[in-house]
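Participant: The structure file input-v3.pdb (PDB, C-alpha atoms, pLDDT in the B column) is provided below.
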```
MODEL        1
ATOM      1  CA  MET A 139      -5.143  52.705 -26.118  1.00 88.00           C
ATOM      2  CA  ARG A 140      -5.751  53.325 -22.414  1.00 93.00           C
ATOM      3  CA  VAL A 141      -6.341  50.253 -20.248  1.00 93.00           C
ATOM      4  CA  TYR A 142      -6.853  49.945 -16.514  1.00 95.00           C
ATOM      5  CA  VAL A 143      -4.971  47.163 -14.758  1.00 95.00           C
ATOM      6  CA  PRO A 144      -6.304  45.922 -11.400  1.00 96.00           C
ATOM      7  CA  LEU A 145      -3.643  45.239  -8.784  1.00 95.00           C
ATOM      8  CA  THR A 146      -2.981  45.242  -5.061  1.00 95.00           C
ATOM      9  CA  LEU A 147      -0.261  47.275  -3.377  1.00 94.00           C
ATOM     10  CA  SER A 148       1.909  44.145  -3.209  1.00 93.00           C
ATOM     11  CA  GLY A 149       1.285  43.585  -6.944  1.00 93.00           C
ATOM     12  CA  LEU A 150       2.271  47.192  -7.621  1.00 94.00           C
ATOM     13  CA  ALA A 151       5.440  46.714  -5.552  1.00 93.00           C
ATOM     14  CA  GLU A 152       6.317  43.643  -7.634  1.00 93.00           C
ATOM     15  CA  ALA A 153       5.712  45.549 -10.871  1.00 93.00           C
ATOM     16  CA  TYR A 154       7.922  48.362  -9.600  1.00 94.00           C
ATOM     17  CA  LYS A 155      10.731  45.935  -8.749  1.00 93.00           C
ATOM     18  CA  THR A 156      10.579  44.150 -12.117  1.00 92.00           C
ATOM     19  CA  GLY A 157       9.713  47.241 -14.152  1.00 92.00           C
ATOM     20  CA  GLU A 158       6.893  45.319 -15.864  1.00 91.00           C
ATOM     21  CA  LEU A 159       3.200  44.608 -15.570  1.00 89.00           C
ATOM     22  CA  GLY A 160       2.095  41.066 -16.339  1.00 78.00           C
ATOM     23  CA  ALA A 161       4.109  38.000 -17.212  1.00 76.00           C
ATOM     24  CA  GLY A 162       1.859  36.796 -20.017  1.00 75.00           C
ATOM     25  CA  PRO A 163      -1.557  37.750 -21.204  1.00 85.00           C
ATOM     26  CA  PHE A 164      -3.229  39.550 -18.299  1.00 89.00           C
ATOM     27  CA  VAL A 165      -6.644  41.035 -17.621  1.00 91.00           C
ATOM     28  CA  ALA A 166      -7.255  44.760 -17.796  1.00 92.00           C
ATOM     29  CA  TYR A 167     -10.291  46.945 -18.443  1.00 93.00           C
ATOM     30  CA  ALA A 168     -10.906  49.404 -21.255  1.00 93.00           C
ATOM     31  CA  VAL A 169     -13.628  51.120 -23.220  1.00 90.00           C
ATOM     32  CA  THR A 170     -14.944  48.163 -25.219  1.00 87.00           C
ATOM     33  CA  PRO A 171     -18.011  48.023 -27.481  1.00 83.00           C
ATOM     34  CA  ALA A 172     -19.868  46.062 -24.773  1.00 82.00           C
ATOM     35  CA  LEU A 173     -18.990  48.675 -22.134  1.00 83.00           C
ATOM     36  CA  ARG A 174     -20.204  51.451 -24.456  1.00 82.00           C
ATOM     37  CA  GLU A 175     -23.493  49.631 -24.993  1.00 81.00           C
ATOM     38  CA  TRP A 176     -23.959  48.932 -21.276  1.00 79.00           C
ATOM     39  CA  TYR A 177     -23.049  52.464 -20.135  1.00 79.00           C
ATOM     40  CA  LEU A 178     -25.072  54.208 -22.844  1.00 77.00           C
ATOM     41  CA  SER A 179     -22.744  57.157 -23.250  1.00 75.00           C
ATOM     42  CA  ASP A 180     -20.557  58.587 -25.956  1.00 80.00           C
ATOM     43  CA  ASP A 181     -18.556  60.724 -23.517  1.00 86.00           C
ATOM     44  CA  ILE A 182     -15.083  59.157 -23.522  1.00 88.00           C
ATOM     45  CA  GLU A 183     -14.242  60.495 -20.053  1.00 90.00           C
ATOM     46  CA  GLU A 184     -17.374  58.884 -18.585  1.00 90.00           C
ATOM     47  CA  LEU A 185     -16.595  55.640 -20.386  1.00 91.00           C
ATOM     48  CA  GLU A 186     -13.002  55.616 -19.139  1.00 92.00           C
ATOM     49  CA  TYR A 187     -14.274  56.285 -15.620  1.00 92.00           C
ATOM     50  CA  ALA A 188     -16.597  53.283 -15.987  1.00 90.00           C
ATOM     51  CA  ALA A 189     -13.632  51.135 -17.130  1.00 92.00           C
ATOM     52  CA  LEU A 190     -11.604  52.398 -14.148  1.00 94.00           C
ATOM     53  CA  ASN A 191     -14.439  51.384 -11.809  1.00 93.00           C
ATOM     54  CA  ARG A 192     -14.619  47.931 -13.400  1.00 93.00           C
ATOM     55  CA  ALA A 193     -10.876  47.570 -12.729  1.00 95.00           C
ATOM     56  CA  ALA A 194     -11.397  48.750  -9.136  1.00 96.00           C
ATOM     57  CA  LEU A 195     -13.935  45.945  -8.649  1.00 94.00           C
ATOM     58  CA  ALA A 196     -11.423  43.477 -10.097  1.00 94.00           C
ATOM     59  CA  SER A 197      -8.816  44.839  -7.657  1.00 96.00           C
ATOM     60  CA  LEU A 198     -11.296  44.177  -4.841  1.00 95.00           C
ATOM     61  CA  ARG A 199     -11.511  40.576  -6.077  1.00 93.00           C
ATOM     62  CA  LEU A 200      -7.708  40.316  -5.894  1.00 94.00           C
ATOM     63  CA  LEU A 201      -7.836  41.610  -2.313  1.00 95.00           C
ATOM     64  CA  ALA A 202     -10.435  38.977  -1.431  1.00 94.00           C
ATOM     65  CA  LEU A 203      -8.021  36.285  -2.637  1.00 93.00           C
ATOM     66  CA  ASP A 204      -5.089  37.666  -0.614  1.00 90.00           C
ATOM     67  CA  PRO A 205      -6.171  38.447   2.952  1.00 85.00           C
ATOM     68  CA  GLY A 206      -2.609  39.342   3.942  1.00 87.00           C
ATOM     69  CA  THR A 207      -2.257  42.363   1.660  1.00 90.00           C
ATOM     70  CA  VAL A 208      -3.084  45.966   2.524  1.00 91.00           C
ATOM     71  CA  ARG A 209      -6.799  46.546   1.958  1.00 94.00           C
ATOM     72  CA  ARG A 210      -6.607  49.239  -0.709  1.00 95.00           C
ATOM     73  CA  ARG A 211      -7.755  48.869  -4.281  1.00 96.00           C
ATOM     74  CA  VAL A 212      -5.081  49.698  -6.869  1.00 97.00           C
ATOM     75  CA  VAL A 213      -5.551  50.401 -10.571  1.00 97.00           C
ATOM     76  CA  VAL A 214      -2.763  51.316 -12.986  1.00 96.00           C
ATOM     77  CA  ALA A 215      -3.767  53.375 -16.019  1.00 96.00           C
ATOM     78  CA  LEU A 216      -1.599  52.045 -18.817  1.00 93.00           C
ATOM     79  CA  ASP A 217      -1.135  53.048 -22.434  1.00 90.00           C
ATOM     80  CA  VAL A 218      -0.718  50.147 -24.842  1.00 90.00           C
ATOM     81  CA  PRO A 219      -0.608  50.089 -28.651  1.00 88.00           C
ATOM     82  CA  GLU A 220      -3.910  49.620 -30.496  1.00 84.00           C
ATOM     83  CA  GLY A 221      -4.555  45.900 -30.867  1.00 84.00           C
ATOM     84  CA  ALA A 222      -2.483  44.950 -27.811  1.00 84.00           C
ATOM     85  CA  ALA A 223      -5.652  44.774 -25.698  1.00 86.00           C
ATOM     86  CA  VAL A 224      -8.413  42.551 -27.045  1.00 86.00           C
ATOM     87  CA  ALA A 225     -11.939  42.005 -25.745  1.00 84.00           C
ATOM     88  CA  ASP A 226     -13.393  38.505 -25.891  1.00 76.00           C
ATOM     89  CA  PRO A 227     -16.389  38.744 -28.245  1.00 70.00           C
ATOM     90  CA  ASP A 228     -17.886  35.579 -26.710  1.00 69.00           C
ATOM     91  CA  HIS A 229     -18.486  37.404 -23.440  1.00 64.00           C
ATOM     92  CA  GLY A 230     -20.785  39.948 -25.107  1.00 58.00           C
ATOM     93  CA  LEU A 231     -22.773  41.756 -22.452  1.00 62.00           C
ATOM     94  CA  ASP A 232     -21.899  39.349 -19.621  1.00 65.00           C
ATOM     95  CA  PRO A 233     -22.083  41.710 -16.612  1.00 68.00           C
ATOM     96  CA  GLY A 234     -19.067  40.073 -15.001  1.00 71.00           C
ATOM     97  CA  SER A 235     -16.772  40.840 -17.908  1.00 78.00           C
ATOM     98  CA  LEU A 236     -17.919  44.240 -19.173  1.00 83.00           C
ATOM     99  CA  GLY A 237     -14.886  46.207 -20.290  1.00 88.00           C
ATOM    100  CA  GLU A 238     -12.567  43.238 -19.784  1.00 90.00           C
ATOM    101  CA  VAL A 239      -9.664  42.903 -22.197  1.00 92.00           C
ATOM    102  CA  ARG A 240      -6.608  40.679 -22.422  1.00 90.00           C
ATOM    103  CA  VAL A 241      -3.273  42.414 -22.813  1.00 90.00           C
ATOM    104  CA  ASP A 242      -0.310  40.642 -24.347  1.00 85.00           C
ATOM    105  CA  GLY A 243       2.240  40.943 -21.581  1.00 76.00           C
ATOM    106  CA  PRO A 244       4.548  41.980 -20.260  1.00 85.00           C
ATOM    107  CA  VAL A 245       4.197  45.751 -20.564  1.00 89.00           C
ATOM    108  CA  PRO A 246       6.909  48.064 -19.222  1.00 90.00           C
ATOM    109  CA  LEU A 247       5.769  50.048 -16.199  1.00 92.00           C
ATOM    110  CA  THR A 248       7.119  53.112 -18.022  1.00 92.00           C
ATOM    111  CA  LYS A 249       3.939  52.910 -20.162  1.00 92.00           C
ATOM    112  CA  ALA A 250       1.853  53.714 -17.073  1.00 94.00           C
ATOM    113  CA  ALA A 251       0.108  57.081 -17.187  1.00 95.00           C
ATOM    114  CA  ALA A 252      -1.024  57.128 -13.547  1.00 96.00           C
ATOM    115  CA  VAL A 253      -1.849  54.997 -10.541  1.00 97.00           C
ATOM    116  CA  HIS A 254      -5.187  55.113  -8.721  1.00 97.00           C
ATOM    117  CA  VAL A 255      -5.243  53.941  -5.084  1.00 96.00           C
ATOM    118  CA  ASP A 256      -7.702  54.036  -2.191  1.00 95.00           C
ATOM    119  CA  SER A 257      -6.936  56.404   0.663  1.00 93.00           C
ATOM    120  CA  GLY A 258      -6.252  54.993   4.102  1.00 90.00           C
ATOM    121  CA  GLU A 259      -9.749  56.125   5.108  1.00 93.00           C
ATOM    122  CA  ALA A 260     -11.232  53.550   2.715  1.00 94.00           C
ATOM    123  CA  GLU A 261      -9.498  50.529   4.274  1.00 93.00           C
ATOM    124  CA  THR A 262     -12.322  49.615   6.665  1.00 94.00           C
ATOM    125  CA  ASP A 263     -14.970  49.690   3.920  1.00 95.00           C
ATOM    126  CA  VAL A 264     -12.695  47.942   1.415  1.00 95.00           C
ATOM    127  CA  THR A 265     -11.924  45.216   3.959  1.00 95.00           C
ATOM    128  CA  ALA A 266     -15.630  44.680   4.609  1.00 95.00           C
ATOM    129  CA  ALA A 267     -16.338  44.654   0.861  1.00 95.00           C
ATOM    130  CA  ALA A 268     -13.615  42.096   0.164  1.00 95.00           C
ATOM    131  CA  ASP A 269     -14.999  39.891   2.946  1.00 94.00           C
ATOM    132  CA  ALA A 270     -18.575  40.204   1.595  1.00 94.00           C
ATOM    133  CA  LEU A 271     -17.719  39.643  -2.069  1.00 92.00           C
ATOM    134  CA  GLY A 272     -18.376  35.888  -2.094  1.00 91.00           C
ATOM    135  CA  ALA A 273     -21.839  36.293  -0.568  1.00 94.00           C
ATOM    136  CA  ALA A 274     -22.634  39.178  -2.920  1.00 92.00           C
ATOM    137  CA  ASP A 275     -21.724  36.992  -5.884  1.00 90.00           C
ATOM    138  CA  THR A 276     -24.334  34.451  -4.770  1.00 91.00           C
ATOM    139  CA  GLY A 277     -27.089  37.070  -4.678  1.00 92.00           C
ATOM    140  CA  ASP A 278     -27.006  38.223  -1.050  1.00 94.00           C
ATOM    141  CA  ASP A 279     -28.405  41.779  -1.189  1.00 95.00           C
ATOM    142  CA  ASP A 280     -26.955  42.773   2.186  1.00 95.00           C
ATOM    143  CA  ALA A 281     -23.500  41.639   1.092  1.00 94.00           C
ATOM    144  CA  GLN A 282     -23.902  43.518  -2.208  1.00 93.00           C
ATOM    145  CA  PHE A 283     -24.715  46.656  -0.212  1.00 95.00           C
ATOM    146  CA  VAL A 284     -21.416  46.216   1.663  1.00 94.00           C
ATOM    147  CA  VAL A 285     -19.511  45.683  -1.612  1.00 94.00           C
ATOM    148  CA  ASP A 286     -21.135  48.783  -3.083  1.00 92.00           C
ATOM    149  CA  GLY A 287     -19.922  50.704  -0.020  1.00 90.00           C
ATOM    150  CA  ALA A 288     -16.350  50.427  -1.252  1.00 92.00           C
ATOM    151  CA  GLU A 289     -17.414  52.264  -4.405  1.00 89.00           C
ATOM    152  CA  ASP A 290     -18.368  55.259  -2.250  1.00 90.00           C
ATOM    153  CA  HIS A 291     -14.622  55.895  -1.959  1.00 94.00           C
ATOM    154  CA  GLU A 292     -13.036  57.548  -4.974  1.00 93.00           C
ATOM    155  CA  LEU A 293      -9.635  56.212  -5.907  1.00 96.00           C
ATOM    156  CA  LEU A 294      -6.940  58.851  -5.523  1.00 95.00           C
ATOM    157  CA  TRP A 295      -4.755  59.773  -8.502  1.00 96.00           C
ATOM    158  CA  PHE A 296      -0.980  59.439  -8.221  1.00 95.00           C
ATOM    159  CA  ALA A 297       1.766  60.200 -10.719  1.00 95.00           C
ATOM    160  CA  THR A 298       3.965  57.249 -11.641  1.00 92.00           C
ATOM    161  CA  GLN A 299       6.901  58.941  -9.892  1.00 93.00           C
ATOM    162  CA  GLU A 300       4.995  58.399  -6.630  1.00 93.00           C
ATOM    163  CA  ILE A 301       4.943  54.591  -6.934  1.00 93.00           C
ATOM    164  CA  PRO A 302       8.016  54.084  -4.671  1.00 91.00           C
ATOM    165  CA  ASN A 303       6.259  55.987  -1.881  1.00 90.00           C
ATOM    166  CA  LEU A 304       2.984  54.105  -2.433  1.00 91.00           C
ATOM    167  CA  VAL A 305       4.663  50.731  -2.044  1.00 86.00           C
ATOM    168  CA  GLY A 306       6.946  51.747   0.817  1.00 80.00           C
ATOM    169  CA  LEU A 307      10.171  51.837  -1.183  1.00 60.00           C
ATOM    170  CA  GLY A 308      10.588  55.620  -1.279  1.00 50.00           C
ATOM    171  CA  ASP A 309      12.594  57.896   0.942  1.00 45.00           C
TER     172      ASP A 309
ENDMDL
END
```
What is this file in structure tokens?
Facilitator:
Amino acid sequence: MRVYVPLTLSGLAEAYKTGELGAGPFVAYAVTPALREWYLSDDIEELEYAALNRAALASLRLLALDPGTVRRRVVVALDVPEGAAVADPDHGLDPGSLGEVRVDGPVPLTKAAAVHVDSGEAETDVTAAADALGAADTGDDDAQFVVDGAEDHELLWFATQEIPNLVGLGD
């Protein structure tokens, strides 16, 4: 099963050093029944893209909590065994948790299929979005517009072999 794990670049660096993602159950995003119902599509690629975008928003939330980290959203696409990622049925169609799953951790980083990261050009918009997230959560339409601006930037795809360069540990 493919899941999308939200991180920051510092979180990715830590995972690279330890060789693992997550120390215990951790949050990821996947194609869940609730996400299928919300997105109204049977196209698996569209649904996985929606799950990736949900993880990108969760990465933005991590950035908002850590003002000292580089302002780029990071999502690791990870393959886990069926049943290792479980959606909470009590959340149903709660917009804040669509696609959310819990993964029994840790998972070896070798299970990663790819890494998705913002380009440097996105940093200004991602910084503004992270700063506006709290106000957007309380219903401020102007702040939501700023948060949505980060979504205008597509995350770039990187092979797992490129992780050392992404986190500044490569040659």
Participant: Could you expand the PyMOL selection byres ((chain A and resi 261) around 10) into the explicit residues it covers here, written as a PyMOL selection string?
Facilitator: chain A and resi 208-211+256-260+262-267+288+291
Participant: Can you work out the spacing between atom CA of A:Ser197 and atom CA of A:Val213 in Å, to one decimal?
Facilitator: 7.1 Å
Participant: Which is closer to A:Glu292 than all the others in A:Leu173, A:Val141, A:Leu247, A:Leu190, using all atoms listed in the file?
Facilitator: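 Closest candidate: A:Leu190.
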Participant: Suppose you want the space between atom CA of A:Ala188 and atom CA of A:Glu238; what is it in Å?
Facilitator: 11.5 Å
Participant: Check what the PyMOL selection byres ((chain A and resi 194) around 12) selects in the file above and give those residues as a VMD selection string.
Facilitator: chain A and resid 142 to 146 166 to 167 187 to 193 195 to 201 210 to 215 237 253 to 256 264 267 to 268 285 to 286 288 to 294
Participant: For atom CA of A:Gln282 and atom CA of A:Gly234, determine how far apart the two atoms are, in Å to one decimal place.
Facilitator: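 Computing the Euclidean distance for atom CA of A:Gln282 and atom CA of A:Gly234 yields 14.1 Å.
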Participant: Using the chain letters and numbering of this document, enumerate as a VMD selection string the residues selected by the PyMOL selection byres ((chain A and resi 139) around 8).
Facilitator: chain A and resid 140 to 141 217 to 220 223
Participant: Please write out, as AutoDock Vina command-line options, where the centre of an axis-aligned box around all listed atoms of stretch 202-215 of chain A lies and how long its edges are, in Å to one decimal, after adding 5 Å on each side.
Facilitator:
```
--center_x -6.3 --center_y 44.8 --center_z -6.0 --size_x 18.2 --size_y 27.1 --size_z 30.0
```
Participant: Closest to A:Val169 among A:Ala270, A:Ala252, A:Leu203, A:Val239, using all atoms listed in the file?
Facilitator: A:Val239
Participant: Show which residues sit within 8 Å of A:Glu158, as a short mmCIF file (atom, residue, chain, number, x, y, z; two decimals) with C-alpha atoms, in the frame of the given file. Count all atoms listed in the file, and ignore same-chain residues fewer than 5 positions away.
Facilitator:
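Output contents, as saved in out_4.cif:
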```cif
data_model
loop_
_atom_site.label_atom_id
_atom_site.label_comp_id
_atom_site.auth_asym_id
_atom_site.auth_seq_id
_atom_site.Cartn_x
_atom_site.Cartn_y
_atom_site.Cartn_z
CA ALA A 153 5.71 45.55 -10.87
CA PRO A 244 4.55 41.98 -20.26
CA VAL A 245 4.20 45.75 -20.56
CA PRO A 246 6.91 48.06 -19.22
CA LEU A 247 5.77 50.05 -16.20
#
```
Participant: Taking all atoms listed in the file into account, name the residue in A:Thr207, A:Pro302, A:Ala172, A:Ala250 that is nearest to A:Gly149.
Facilitator: A:Thr207
